[in-house]
$ cat final.cif   # mmCIF, C-alpha atoms
data_final
#
loop_
_atom_site.group_PDB
_atom_site.id
_atom_site.type_symbol
_atom_site.label_atom_id
_atom_site.label_comp_id
_atom_site.auth_asym_id
_atom_site.auth_seq_id
_atom_site.Cartn_x
_atom_site.Cartn_y
_atom_site.Cartn_z
ATOM 1 C CA MET S 1 -44.073 -69.228 53.219
ATOM 2 C CA LYS S 2 -44.159 -71.556 56.218
ATOM 3 C CA HIS S 3 -41.876 -74.562 55.971
ATOM 4 C CA ALA S 4 -42.237 -78.073 57.402
ATOM 5 C CA ILE S 5 -39.898 -81.029 57.626
ATOM 6 C CA ILE S 6 -41.246 -84.577 57.464
ATOM 7 C CA LEU S 7 -38.925 -86.694 59.580
ATOM 8 C CA HIS S 8 -39.014 -90.453 59.081
ATOM 9 C CA ASN S 9 -36.975 -93.592 59.649
ATOM 10 C CA PRO S 10 -34.749 -94.932 56.847
ATOM 11 C CA VAL S 11 -36.342 -97.198 54.243
ATOM 12 C CA THR S 12 -34.692 -99.328 51.566
ATOM 13 C CA ASN S 13 -35.804 -101.642 48.784
ATOM 14 C CA SER S 14 -35.537 -104.519 51.254
ATOM 15 C CA SER S 15 -37.720 -102.852 53.908
ATOM 16 C CA LYS S 16 -40.894 -104.677 54.936
ATOM 17 C CA GLU S 17 -44.387 -103.404 54.144
ATOM 18 C CA ASP S 18 -44.921 -101.893 57.589
ATOM 19 C CA GLU S 19 -41.685 -99.893 57.213
ATOM 20 C CA LEU S 20 -42.353 -98.799 53.621
ATOM 21 C CA ASP S 21 -45.753 -97.490 54.679
ATOM 22 C CA VAL S 22 -44.091 -94.382 56.094
ATOM 23 C CA LEU S 23 -43.636 -93.175 52.507
ATOM 24 C CA ASN S 24 -47.405 -93.335 51.933
ATOM 25 C CA GLN S 25 -47.851 -91.325 55.106
ATOM 26 C CA ALA S 26 -45.361 -88.717 53.903
ATOM 27 C CA ILE S 27 -47.205 -88.283 50.592
ATOM 28 C CA PHE S 28 -50.525 -87.873 52.431
ATOM 29 C CA ILE S 29 -49.017 -85.175 54.649
ATOM 30 C CA GLU S 30 -47.299 -83.377 51.770
ATOM 31 C CA THR S 31 -50.549 -83.073 49.828
ATOM 32 C CA ALA S 32 -52.245 -81.464 52.831
ATOM 33 C CA LEU S 33 -49.277 -79.191 53.544
ATOM 34 C CA GLU S 34 -49.514 -77.785 50.021
ATOM 35 C CA GLU S 35 -53.180 -76.961 50.626
ATOM 36 C CA LEU S 36 -52.215 -75.244 53.882
ATOM 37 C CA GLY S 37 -49.593 -73.097 52.159
ATOM 38 C CA TYR S 38 -46.494 -74.873 53.464
ATOM 39 C CA SER S 39 -43.328 -75.704 51.624
ATOM 40 C CA TYR S 40 -41.805 -78.948 52.823
ATOM 41 C CA GLU S 41 -38.941 -81.386 52.616
ATOM 42 C CA ARG S 42 -38.190 -84.847 53.939
ATOM 43 C CA ALA S 43 -35.391 -85.797 56.289
ATOM 44 C CA VAL S 44 -34.260 -89.235 57.412
ATOM 45 C CA PHE S 45 -33.767 -89.636 61.150
ATOM 46 C CA ASN S 46 -30.431 -90.907 62.368
ATOM 47 C CA LEU S 47 -28.488 -90.779 65.600
ATOM 48 C CA ASN S 48 -26.043 -88.197 64.225
ATOM 49 C CA THR S 49 -27.921 -85.469 66.045
ATOM 50 C CA ASN S 50 -25.577 -82.611 65.167
ATOM 51 C CA ASP S 51 -26.057 -82.965 61.412
ATOM 52 C CA LEU S 52 -29.800 -83.509 61.715
ATOM 53 C CA ILE S 53 -30.414 -80.520 63.981
ATOM 54 C CA LYS S 54 -28.212 -78.361 61.751
ATOM 55 C CA LEU S 55 -30.348 -79.378 58.761
ATOM 56 C CA ILE S 56 -33.572 -78.571 60.630
ATOM 57 C CA LYS S 57 -32.309 -75.230 61.947
ATOM 58 C CA ASN S 58 -30.944 -74.131 58.564
ATOM 59 C CA SER S 59 -34.208 -75.028 56.828
ATOM 60 C CA GLY S 60 -36.152 -72.397 58.755
ATOM 61 C CA ALA S 61 -38.885 -74.959 59.419
ATOM 62 C CA SER S 62 -41.659 -73.928 61.797
ATOM 63 C CA VAL S 63 -42.629 -77.529 62.527
ATOM 64 C CA VAL S 64 -41.287 -81.060 62.147
ATOM 65 C CA PHE S 65 -43.775 -83.798 61.321
ATOM 66 C CA ASN S 66 -42.459 -86.742 63.327
ATOM 67 C CA LEU S 67 -43.058 -90.045 61.523
ATOM 68 C CA VAL S 68 -40.181 -91.941 63.126
ATOM 69 C CA GLU S 69 -41.453 -95.384 64.149
ATOM 70 C CA THR S 70 -38.276 -97.453 64.355
ATOM 71 C CA ILE S 71 -34.605 -96.996 65.166
ATOM 72 C CA ASN S 72 -32.343 -99.632 63.602
ATOM 73 C CA GLU S 73 -35.481 -101.577 62.566
ATOM 74 C CA SER S 74 -36.810 -101.721 66.132
ATOM 75 C CA GLY S 75 -39.602 -99.755 67.780
ATOM 76 C CA ARG S 76 -37.938 -99.976 71.193
ATOM 77 C CA LEU S 77 -36.030 -96.698 70.801
ATOM 78 C CA SER S 78 -38.599 -94.727 68.795
ATOM 79 C CA PHE S 79 -38.876 -92.243 71.663
ATOM 80 C CA THR S 80 -35.344 -90.972 70.895
ATOM 81 C CA ALA S 81 -36.601 -88.928 67.925
ATOM 82 C CA PRO S 82 -39.014 -86.752 69.939
ATOM 83 C CA ALA S 83 -36.497 -86.687 72.804
ATOM 84 C CA MET S 84 -33.899 -85.156 70.496
ATOM 85 C CA LEU S 85 -36.383 -82.623 69.132
ATOM 86 C CA GLU S 86 -37.394 -81.666 72.673
ATOM 87 C CA LEU S 87 -33.752 -81.288 73.708
ATOM 88 C CA PHE S 88 -33.069 -78.824 70.907
ATOM 89 C CA LYS S 89 -36.385 -76.942 71.345
ATOM 90 C CA VAL S 90 -37.783 -77.943 67.960
ATOM 91 C CA PRO S 91 -41.612 -77.876 67.640
ATOM 92 C CA PHE S 92 -42.878 -81.224 66.353
ATOM 93 C CA THR S 93 -46.144 -83.035 65.789
ATOM 94 C CA GLY S 94 -47.514 -85.953 67.740
ATOM 95 C CA SER S 95 -46.768 -87.090 71.263
ATOM 96 C CA ASP S 96 -43.700 -86.253 73.307
ATOM 97 C CA ALA S 97 -40.894 -88.645 74.217
ATOM 98 C CA ALA S 98 -42.443 -89.682 77.529
ATOM 99 C CA ALA S 99 -45.761 -90.597 75.904
ATOM 100 C CA ILE S 100 -44.019 -92.488 73.101
ATOM 101 C CA PHE S 101 -41.934 -94.452 75.608
ATOM 102 C CA THR S 102 -44.805 -95.353 77.940
ATOM 103 C CA THR S 103 -47.082 -96.483 75.116
ATOM 104 C CA THR S 104 -44.470 -98.288 73.004
ATOM 105 C CA ASP S 105 -43.346 -100.483 75.902
ATOM 106 C CA LYS S 106 -46.478 -102.582 76.314
ATOM 107 C CA ILE S 107 -45.622 -103.764 79.814
ATOM 108 C CA VAL S 108 -45.086 -100.199 81.026
ATOM 109 C CA CYS S 109 -48.308 -99.216 79.258
ATOM 110 C CA LYS S 110 -50.331 -102.015 80.853
ATOM 111 C CA THR S 111 -48.893 -101.201 84.276
ATOM 112 C CA ILE S 112 -50.015 -97.571 83.949
ATOM 113 C CA LEU S 113 -53.445 -98.662 82.707
ATOM 114 C CA SER S 114 -53.883 -100.991 85.675
ATOM 115 C CA PHE S 115 -52.771 -98.301 88.126
ATOM 116 C CA ASN S 116 -55.465 -96.028 86.672
ATOM 117 C CA LYS S 117 -58.094 -98.787 86.950
ATOM 118 C CA ILE S 118 -58.477 -99.239 83.190
ATOM 119 C CA ASP S 119 -58.970 -102.886 82.255
ATOM 120 C CA THR S 120 -56.282 -104.570 80.186
ATOM 121 C CA PRO S 121 -55.841 -108.311 79.585
ATOM 122 C CA PHE S 122 -53.835 -110.254 82.171
ATOM 123 C CA TRP S 123 -50.175 -110.537 81.185
ATOM 124 C CA ALA S 124 -47.018 -112.380 82.145
ATOM 125 C CA LYS S 125 -43.422 -111.420 81.473
ATOM 126 C CA TYR S 126 -41.973 -114.546 83.058
ATOM 127 C CA LEU S 127 -42.955 -118.184 82.661
ATOM 128 C CA ALA S 128 -43.682 -118.522 86.391
ATOM 129 C CA GLU S 129 -46.456 -115.923 86.060
ATOM 130 C CA VAL S 130 -48.361 -117.872 83.391
ATOM 131 C CA VAL S 131 -51.714 -119.370 84.440
ATOM 132 C CA PRO S 132 -51.852 -122.898 82.910
ATOM 133 C CA GLU S 133 -55.547 -122.904 81.946
ATOM 134 C CA LYS S 134 -55.574 -119.488 80.248
ATOM 135 C CA TYR S 135 -54.920 -118.909 76.544
ATOM 136 C CA TYR S 136 -52.236 -116.368 75.697
ATOM 137 C CA ILE S 137 -50.837 -114.534 72.714
ATOM 138 C CA ILE S 138 -47.055 -114.131 72.747
ATOM 139 C CA LYS S 139 -46.364 -110.547 71.681
ATOM 140 C CA PRO S 140 -43.296 -108.330 71.200
ATOM 141 C CA ILE S 141 -42.930 -105.839 74.030
ATOM 142 C CA SER S 142 -42.041 -102.864 71.842
ATOM 143 C CA GLU S 143 -43.347 -103.326 68.294
ATOM 144 C CA ASP S 144 -46.395 -101.755 66.630
ATOM 145 C CA GLY S 145 -48.224 -102.547 63.398
ATOM 146 C CA SER S 146 -48.788 -106.205 64.399
ATOM 147 C CA VAL S 147 -45.100 -106.900 63.773
ATOM 148 C CA GLY S 148 -44.218 -110.400 64.971
ATOM 149 C CA ILE S 149 -47.848 -111.492 65.449
ATOM 150 C CA ASP S 150 -49.313 -114.646 63.887
ATOM 151 C CA ASP S 151 -51.629 -117.571 64.753
ATOM 152 C CA ALA S 152 -48.804 -119.757 66.053
ATOM 153 C CA LEU S 153 -48.295 -117.356 68.941
ATOM 154 C CA VAL S 154 -51.763 -118.023 70.400
ATOM 155 C CA ILE S 155 -51.191 -120.862 72.862
ATOM 156 C CA ARG S 156 -52.571 -122.377 76.058
ATOM 157 C CA GLY S 157 -50.641 -121.507 79.202
ATOM 158 C CA ASN S 158 -49.645 -125.091 80.032
ATOM 159 C CA GLU S 159 -48.065 -125.418 76.574
ATOM 160 C CA ILE S 160 -45.813 -122.368 76.865
ATOM 161 C CA LYS S 161 -42.234 -123.598 77.260
ATOM 162 C CA GLU S 162 -40.577 -120.185 77.345
ATOM 163 C CA ILE S 163 -41.254 -116.491 76.833
ATOM 164 C CA PRO S 164 -38.492 -115.252 74.516
ATOM 165 C CA LYS S 165 -36.480 -112.170 75.399
ATOM 166 C CA GLY S 166 -38.266 -109.052 74.169
ATOM 167 C CA TYR S 167 -41.685 -110.735 74.328
ATOM 168 C CA PHE S 168 -44.449 -111.159 76.887
ATOM 169 C CA ALA S 169 -47.563 -113.305 77.189
ATOM 170 C CA GLU S 170 -50.913 -111.488 77.084
ATOM 171 C CA GLU S 171 -54.188 -113.243 77.829
ATOM 172 C CA TYR S 172 -55.979 -113.970 74.554
ATOM 173 C CA ILE S 173 -59.506 -112.540 74.624
ATOM 174 C CA HIS S 174 -61.656 -114.443 72.133
ATOM 175 C CA GLY S 175 -64.184 -111.864 71.023
ATOM 176 C CA ARG S 176 -64.463 -108.532 69.245
ATOM 177 C CA GLU S 177 -61.740 -106.008 68.428
ATOM 178 C CA PHE S 178 -62.244 -102.245 68.299
ATOM 179 C CA ASN S 179 -60.025 -99.322 67.300
ATOM 180 C CA ILE S 180 -60.831 -95.889 68.727
ATOM 181 C CA SER S 181 -58.904 -92.990 67.196
ATOM 182 C CA VAL S 182 -58.431 -89.594 68.824
ATOM 183 C CA ILE S 183 -57.315 -86.336 67.193
ATOM 184 C CA GLY S 184 -56.013 -83.199 68.860
ATOM 185 C CA GLY S 185 -56.652 -79.628 67.839
ATOM 186 C CA LYS S 186 -56.112 -76.013 68.751
ATOM 187 C CA ASN S 187 -58.406 -76.113 71.773
ATOM 188 C CA GLU S 188 -59.464 -79.704 72.497
ATOM 189 C CA PHE S 189 -59.156 -83.321 71.442
ATOM 190 C CA LYS S 190 -61.952 -85.256 69.761
ATOM 191 C CA VAL S 191 -62.685 -88.962 70.012
ATOM 192 C CA LEU S 192 -63.438 -90.150 66.478
ATOM 193 C CA PRO S 193 -66.111 -92.655 65.390
ATOM 194 C CA PRO S 194 -65.253 -96.154 66.680
ATOM 195 C CA ALA S 195 -64.287 -98.902 64.262
ATOM 196 C CA GLU S 196 -64.699 -102.644 64.706
ATOM 197 C CA MET S 197 -62.351 -105.084 63.025
ATOM 198 C CA CYS S 198 -64.671 -107.808 61.740
ATOM 199 C CA PHE S 199 -63.327 -111.331 61.278
ATOM 200 C CA SER S 200 -65.133 -113.472 58.681
ATOM 201 C CA SER S 201 -66.972 -116.193 60.623
ATOM 202 C CA ASP S 202 -66.309 -118.805 57.926
ATOM 203 C CA TYR S 203 -62.565 -118.243 57.697
ATOM 204 C CA TYR S 204 -61.936 -117.598 61.389
ATOM 205 C CA GLU S 205 -64.138 -120.426 62.702
ATOM 206 C CA THR S 206 -61.110 -122.529 63.637
ATOM 207 C CA LYS S 207 -58.511 -119.737 63.806
ATOM 208 C CA PRO S 208 -57.665 -117.197 66.501
ATOM 209 C CA ARG S 209 -59.407 -113.911 65.777
ATOM 210 C CA ILE S 210 -56.365 -111.672 65.825
ATOM 211 C CA LEU S 211 -55.156 -108.815 63.684
ATOM 212 C CA GLY S 212 -51.791 -110.339 62.849
ATOM 213 C CA TYR S 213 -49.112 -109.114 60.466
ATOM 214 C CA LYS S 214 -50.666 -110.777 57.409
ATOM 215 C CA ALA S 215 -54.144 -109.422 58.184
ATOM 216 C CA LYS S 216 -52.712 -105.929 58.341
ATOM 217 C CA TRP S 217 -50.071 -105.848 55.607
ATOM 218 C CA ASP S 218 -50.281 -108.782 53.161
ATOM 219 C CA GLU S 219 -53.079 -107.959 50.700
ATOM 220 C CA THR S 220 -52.740 -111.380 49.036
ATOM 221 C CA SER S 221 -53.280 -113.301 52.269
ATOM 222 C CA MET S 222 -56.516 -114.974 53.366
ATOM 223 C CA GLU S 223 -56.217 -113.141 56.687
ATOM 224 C CA TYR S 224 -56.213 -109.735 54.968
ATOM 225 C CA GLN S 225 -59.097 -110.651 52.680
ATOM 226 C CA ASN S 226 -61.242 -111.945 55.552
ATOM 227 C CA THR S 227 -60.713 -109.023 57.924
ATOM 228 C CA THR S 228 -62.699 -105.829 57.387
ATOM 229 C CA ARG S 229 -63.241 -102.530 59.200
ATOM 230 C CA SER S 230 -66.768 -101.399 60.071
ATOM 231 C CA PHE S 231 -68.146 -98.180 61.556
ATOM 232 C CA ARG S 232 -71.733 -99.475 61.686
ATOM 233 C CA PHE S 233 -73.234 -100.767 64.923
ATOM 234 C CA GLU S 234 -76.557 -102.078 66.197
ATOM 235 C CA ASP S 235 -78.548 -100.342 68.939
ATOM 236 C CA VAL S 236 -77.541 -103.097 71.349
ATOM 237 C CA ASP S 237 -73.953 -101.764 71.161
ATOM 238 C CA THR S 238 -74.846 -98.188 72.176
ATOM 239 C CA ASN S 239 -73.620 -98.462 75.773
ATOM 240 C CA LEU S 240 -70.506 -100.394 74.762
ATOM 241 C CA ILE S 241 -69.561 -97.789 72.155
ATOM 242 C CA ALA S 242 -70.028 -94.979 74.665
ATOM 243 C CA GLU S 243 -67.763 -96.801 77.121
ATOM 244 C CA LEU S 244 -65.080 -97.402 74.484
ATOM 245 C CA LYS S 245 -65.039 -93.701 73.591
ATOM 246 C CA GLU S 246 -64.890 -92.665 77.237
ATOM 247 C CA ILE S 247 -61.932 -94.956 77.933
ATOM 248 C CA ALA S 248 -60.095 -93.738 74.817
ATOM 249 C CA GLY S 249 -60.472 -90.157 76.024
ATOM 250 C CA LYS S 250 -59.146 -91.131 79.454
ATOM 251 C CA CYS S 251 -56.118 -92.807 77.849
ATOM 252 C CA TRP S 252 -55.395 -89.619 75.891
ATOM 253 C CA GLN S 253 -55.282 -87.661 79.137
ATOM 254 C CA ILE S 254 -53.520 -90.235 81.332
ATOM 255 C CA PHE S 255 -50.633 -90.743 78.895
ATOM 256 C CA GLY S 256 -50.415 -87.068 77.885
ATOM 257 C CA LEU S 257 -51.000 -87.834 74.206
ATOM 258 C CA SER S 258 -50.920 -85.130 71.547
ATOM 259 C CA GLY S 259 -51.753 -84.699 67.868
ATOM 260 C CA TYR S 260 -53.268 -88.064 67.067
ATOM 261 C CA ALA S 261 -53.578 -91.486 68.651
ATOM 262 C CA ARG S 262 -55.427 -94.799 68.532
ATOM 263 C CA VAL S 263 -56.562 -97.054 71.355
ATOM 264 C CA ASP S 264 -57.155 -100.740 70.555
ATOM 265 C CA PHE S 265 -59.571 -102.880 72.561
ATOM 266 C CA ARG S 266 -60.685 -106.479 72.883
ATOM 267 C CA VAL S 267 -64.173 -107.234 74.196
ATOM 268 C CA GLY S 268 -64.958 -110.770 75.364
ATOM 269 C CA THR S 269 -68.188 -112.526 76.263
ATOM 270 C CA ASP S 270 -68.462 -110.441 79.448
ATOM 271 C CA ASN S 271 -68.828 -107.319 77.227
ATOM 272 C CA ARG S 272 -66.097 -105.535 79.193
ATOM 273 C CA PRO S 273 -63.648 -103.486 77.079
ATOM 274 C CA LYS S 274 -59.985 -104.228 77.707
ATOM 275 C CA VAL S 275 -57.229 -102.048 76.272
ATOM 276 C CA ILE S 276 -54.642 -104.101 74.397
ATOM 277 C CA GLU S 277 -52.574 -101.279 72.925
ATOM 278 C CA ILE S 278 -52.207 -97.511 72.741
ATOM 279 C CA ASN S 279 -50.553 -96.157 69.605
ATOM 280 C CA ALA S 280 -49.361 -92.615 70.254
ATOM 281 C CA ASN S 281 -48.550 -91.783 66.617
ATOM 282 C CA PRO S 282 -50.586 -94.255 64.536
ATOM 283 C CA CYS S 283 -50.281 -94.797 60.802
ATOM 284 C CA ILE S 284 -51.583 -91.746 58.966
ATOM 285 C CA ALA S 285 -51.647 -93.264 55.474
ATOM 286 C CA PRO S 286 -54.935 -92.699 53.592
ATOM 287 C CA GLU S 287 -55.924 -96.376 53.751
ATOM 288 C CA GLY S 288 -55.180 -96.679 57.483
ATOM 289 C CA GLY S 289 -57.648 -96.863 60.334
ATOM 290 C CA PHE S 290 -56.942 -93.402 61.742
ATOM 291 C CA VAL S 291 -57.668 -91.600 58.475
ATOM 292 C CA ALA S 292 -60.714 -93.820 57.901
ATOM 293 C CA ALA S 293 -62.088 -92.700 61.283
ATOM 294 C CA CYS S 294 -61.399 -89.065 60.379
ATOM 295 C CA ASN S 295 -63.259 -89.548 57.104
ATOM 296 C CA GLU S 296 -66.259 -90.869 59.040
ATOM 297 C CA MET S 297 -66.278 -87.523 60.837
ATOM 298 C CA LYS S 298 -66.082 -85.704 57.472
ATOM 299 C CA LEU S 299 -62.553 -84.443 58.124
ATOM 300 C CA THR S 300 -60.561 -83.900 54.929
ATOM 301 C CA SER S 301 -56.835 -84.571 54.702
ATOM 302 C CA THR S 302 -56.245 -80.838 55.083
ATOM 303 C CA ASN S 303 -58.477 -80.702 58.180
ATOM 304 C CA ILE S 304 -56.582 -83.630 59.686
ATOM 305 C CA ILE S 305 -53.112 -82.188 59.181
ATOM 306 C CA LYS S 306 -54.171 -78.716 60.323
ATOM 307 C CA ARG S 307 -55.583 -80.113 63.573
ATOM 308 C CA ILE S 308 -52.411 -82.108 64.186
ATOM 309 C CA ILE S 309 -50.212 -79.066 63.542
ATOM 310 C CA ASP S 310 -52.462 -76.925 65.765
ATOM 311 C CA ASP S 311 -51.872 -79.440 68.550
ATOM 312 C CA THR S 312 -48.122 -79.416 67.981
ATOM 313 C CA ILE S 313 -45.967 -79.409 71.068
ATOM 314 C CA ARG S 314 -44.977 -75.797 71.677
ATOM 315 C CA ASN S 315 -41.707 -75.087 73.451
ATOM 316 C CA GLU S 316 -40.871 -71.778 75.062
ATOM 317 C CA THR S 317 -38.293 -71.165 72.359
ATOM 318 C CA GLY S 318 -38.821 -72.587 68.878
ATOM 319 C CA ILE S 319 -36.888 -72.538 65.676
#

$ encode --input "final.cif" --output "structure tokens"
Amino acid sequence: MKHAIILHNPVTNSSKEDELDVLNQAIFIETALEELGYSYERAVFNLNTNDLIKLIKNSGASVVFNLVETINESGRLSFTAPAMLELFKVPFTGSDAAAIFTTTDKIVCKTILSFNKIDTPFWAKYLAEVVPEKYYIIKPISEDGSVGIDDALVIRGNEIKEIPKGYFAEEYIHGREFNISVIGGKNEFKVLPPAEMCFSSDYYETKPRILGYKAKWDETSMEYQNTTRSFRFEDVDTNLIAELKEIAGKCWQIFGLSGYARVDFRVGTDNRPKVIEINANPCIAPEGGFVAACNEMKLTSTNIIKRIIDDTIRNETGI
């Protein structure tokens, strides 16, 4: 029987919702692995590489499912997990260390996007770069899952007194938000049906239309209850949707993504898509946006996991 290891970051009773979600992802994967005829076990990632690699080698695993999103409660070093697996020639799912690094660091990501002539909102790392009349959202440089994002961080340029260490200022695009998921496979990647995050016009009339931490993780919050995902579009959006899908496919290729990914966009009144984030290994919990997009394409959980495993990074020498 084939064996898989599900590698994830440590979680405790005091972990936040975005960190605990990795357990939901693990359960989703385990259910599919059973259908695919795999045995499996979980392992917690730590920087004691000798013990961890010994565990993986002794298990006889043919693949490691990499769910590591944070190191010491920070996303900044999440690339170290795939880097370690690459170093020891261990086949693993998802993107490689280089892709994780270049997409997790939002400034590096935006620089690469701009170099490749893909629109992304204007940004400033230093106060001197801020344009006074623009509105900005102050965002963490290296966190995913809307960590550290709330309404108070949307501010006019002339009111910004400082940009804290580890943060940057990104131009706030008042408009629509889209998530485009992409899945790999044995032979080719597929861009999945686009989703729009819809903000209730009544609730968000006087609020910034952003997918902050509460809107994403706090089910009791007004933000969560007034933000919905939709896969239905009017004919007038046909060209826009085609452009979003084309750009998502380009991002997959430019950043060398693998397994599964999601590209997030904002579209303002000019109807021009601007990439705000690329998530190389997005949440794969059943209630998450990636799985929802897969479901729109009639992919079952087993189909999803099989495609991701088929697209696993293959080294010349495996376990």

$ axis_aligned_box --input "final.cif" --around "segment 23-31 of chain S" --padding-each-side "3 Å" --output "lines of an AutoDock Vina configuration file"
center_x = -47.1
center_y = -88.2
center_z = 52.5
size_x = 12.9
size_y = 16.3
size_z = 11.3

$ residues_around --input "final.cif" --residues "Gly256 of chain S" --least-positions-apart "3" --cutoff "9 Å" --atoms "only C-alpha atoms" --output "list in words"
Ser95, Asp96, Ala98, Ala99, Cys251, Trp252 and Gln253 of chain S

$ residues_around --input "final.cif" --residues "His3 of chain S" --least-positions-apart "3" --cutoff "8 Å" --atoms "all atoms listed in the file" --output "ChimeraX atom specification"
/S:38-40,59-63

$ residues_around --input "final.cif" --residues "Pro164 of chain S" --least-positions-apart "5" --cutoff "10 Å" --atoms "only C-alpha atoms" --output "PyMOL selection string"
chain S and resi 125-127+138-140+169

$ resolve_selection --input "final.cif" --expression "the PyMOL selection byres ((chain S and resi 200) around 10)" --output "PyMOL selection string"
chain S and resi 197-199+201-205+209+223+225-228

$ resolve_selection --input "final.cif" --expression "the PyMOL selection byres ((chain S and resi 27-36) around 8)" --output "list in words"
Leu23, Asn24, Gln25, Ala26, Gly37, Tyr38, Ser39, Tyr40, Ile284, Ala285, Pro286, Ser301, Thr302, Ile305 and Lys306 of chain S

$ atom_distance --input "final.cif" --atom1 "atom CA of Asp18 of chain S" --atom2 "atom CA of Arg76 of chain S"
15.4 Å

$ residues_around --input "final.cif" --residues "Ile56 of chain S" --least-positions-apart "4" --cutoff "9 Å" --atoms "all atoms listed in the file" --output "ChimeraX atom specification"
/S:5,43,51-52,60-61,64,90,319

$ residues_around --input "final.cif" --residues "Gly249 of chain S" --least-positions-apart "5" --cutoff "12 Å" --atoms "all atoms listed in the file" --output "list in words"
Ile118, Ile180, Ser181, Val182, Ile183, Gly184, Glu188, Phe189, Lys190, Val191, Leu192, Ala242, Glu243, Leu244, Ile254, Phe255, Gly256, Leu257, Ser258, Tyr260, Ala261, Arg262, Val263 and Ile278 of chain S

$ atom_distance --input "final.cif" --atom1 "atom CA of Phe122 of chain S" --atom2 "atom CA of Gly157 of chain S"
12.1 Å

$ atom_distance --input "final.cif" --atom1 "atom CA of Thr12 of chain S" --atom2 "atom CA of Lys57 of chain S"
26.3 Å

$ closest_residue --input "final.cif" --among "S:Cys283, S:Lys16, S:Arg307, S:Ile173" --to "Asp270 of chain S" --atoms "all atoms listed in the file"
S:Ile173

$ decode --input "final.cif" --residues "segment 98-114 of chain S" --atoms "N, CA and C atoms" --output "short mmCIF file (atom, residue, chain, number, x, y, z; two decimals), in the first residue's frame"
data_model
loop_
_atom_site.label_atom_id
_atom_site.label_comp_id
_atom_site.auth_asym_id
_atom_site.auth_seq_id
_atom_site.Cartn_x
_atom_site.Cartn_y
_atom_site.Cartn_z
N ALA S 98 11.17 28.08 -4.01
CA ALA S 98 11.32 29.36 -4.71
C ALA S 98 9.96 30.00 -4.95
N ALA S 99 8.99 29.20 -5.38
CA ALA S 99 7.65 29.73 -5.64
C ALA S 99 6.97 30.18 -4.35
N ILE S 100 7.16 29.42 -3.28
CA ILE S 100 6.59 29.82 -1.99
C ILE S 100 7.19 31.14 -1.52
N PHE S 101 8.50 31.27 -1.66
CA PHE S 101 9.17 32.51 -1.22
C PHE S 101 8.69 33.71 -2.03
N THR S 102 8.68 33.58 -3.35
CA THR S 102 8.37 34.74 -4.20
C THR S 102 6.90 35.13 -4.17
N THR S 103 6.03 34.23 -3.73
CA THR S 103 4.61 34.60 -3.61
C THR S 103 4.24 35.01 -2.19
N THR S 104 4.94 34.48 -1.20
CA THR S 104 4.65 34.85 0.19
C THR S 104 5.10 36.27 0.50
N ASP S 105 6.25 36.66 0.00
CA ASP S 105 6.73 38.04 0.17
C ASP S 105 6.02 38.90 -0.87
N LYS S 106 5.05 39.68 -0.42
CA LYS S 106 4.18 40.40 -1.35
C LYS S 106 4.92 41.47 -2.16
N ILE S 107 5.97 42.03 -1.59
CA ILE S 107 6.73 43.03 -2.34
C ILE S 107 7.53 42.36 -3.46
N VAL S 108 8.15 41.23 -3.15
CA VAL S 108 8.85 40.47 -4.19
C VAL S 108 7.86 40.04 -5.26
N CYS S 109 6.70 39.56 -4.83
CA CYS S 109 5.66 39.11 -5.77
C CYS S 109 5.24 40.25 -6.70
N LYS S 110 4.96 41.41 -6.13
CA LYS S 110 4.49 42.54 -6.93
C LYS S 110 5.58 43.04 -7.88
N THR S 111 6.83 42.94 -7.44
CA THR S 111 7.94 43.34 -8.31
C THR S 111 8.03 42.42 -9.53
N ILE S 112 7.86 41.12 -9.30
CA ILE S 112 7.90 40.15 -10.41
C ILE S 112 6.70 40.36 -11.33
N LEU S 113 5.53 40.61 -10.76
CA LEU S 113 4.35 40.88 -11.57
C LEU S 113 4.58 42.09 -12.47
N SER S 114 5.08 43.16 -11.89
CA SER S 114 5.31 44.39 -12.66
C SER S 114 6.34 44.17 -13.77
#
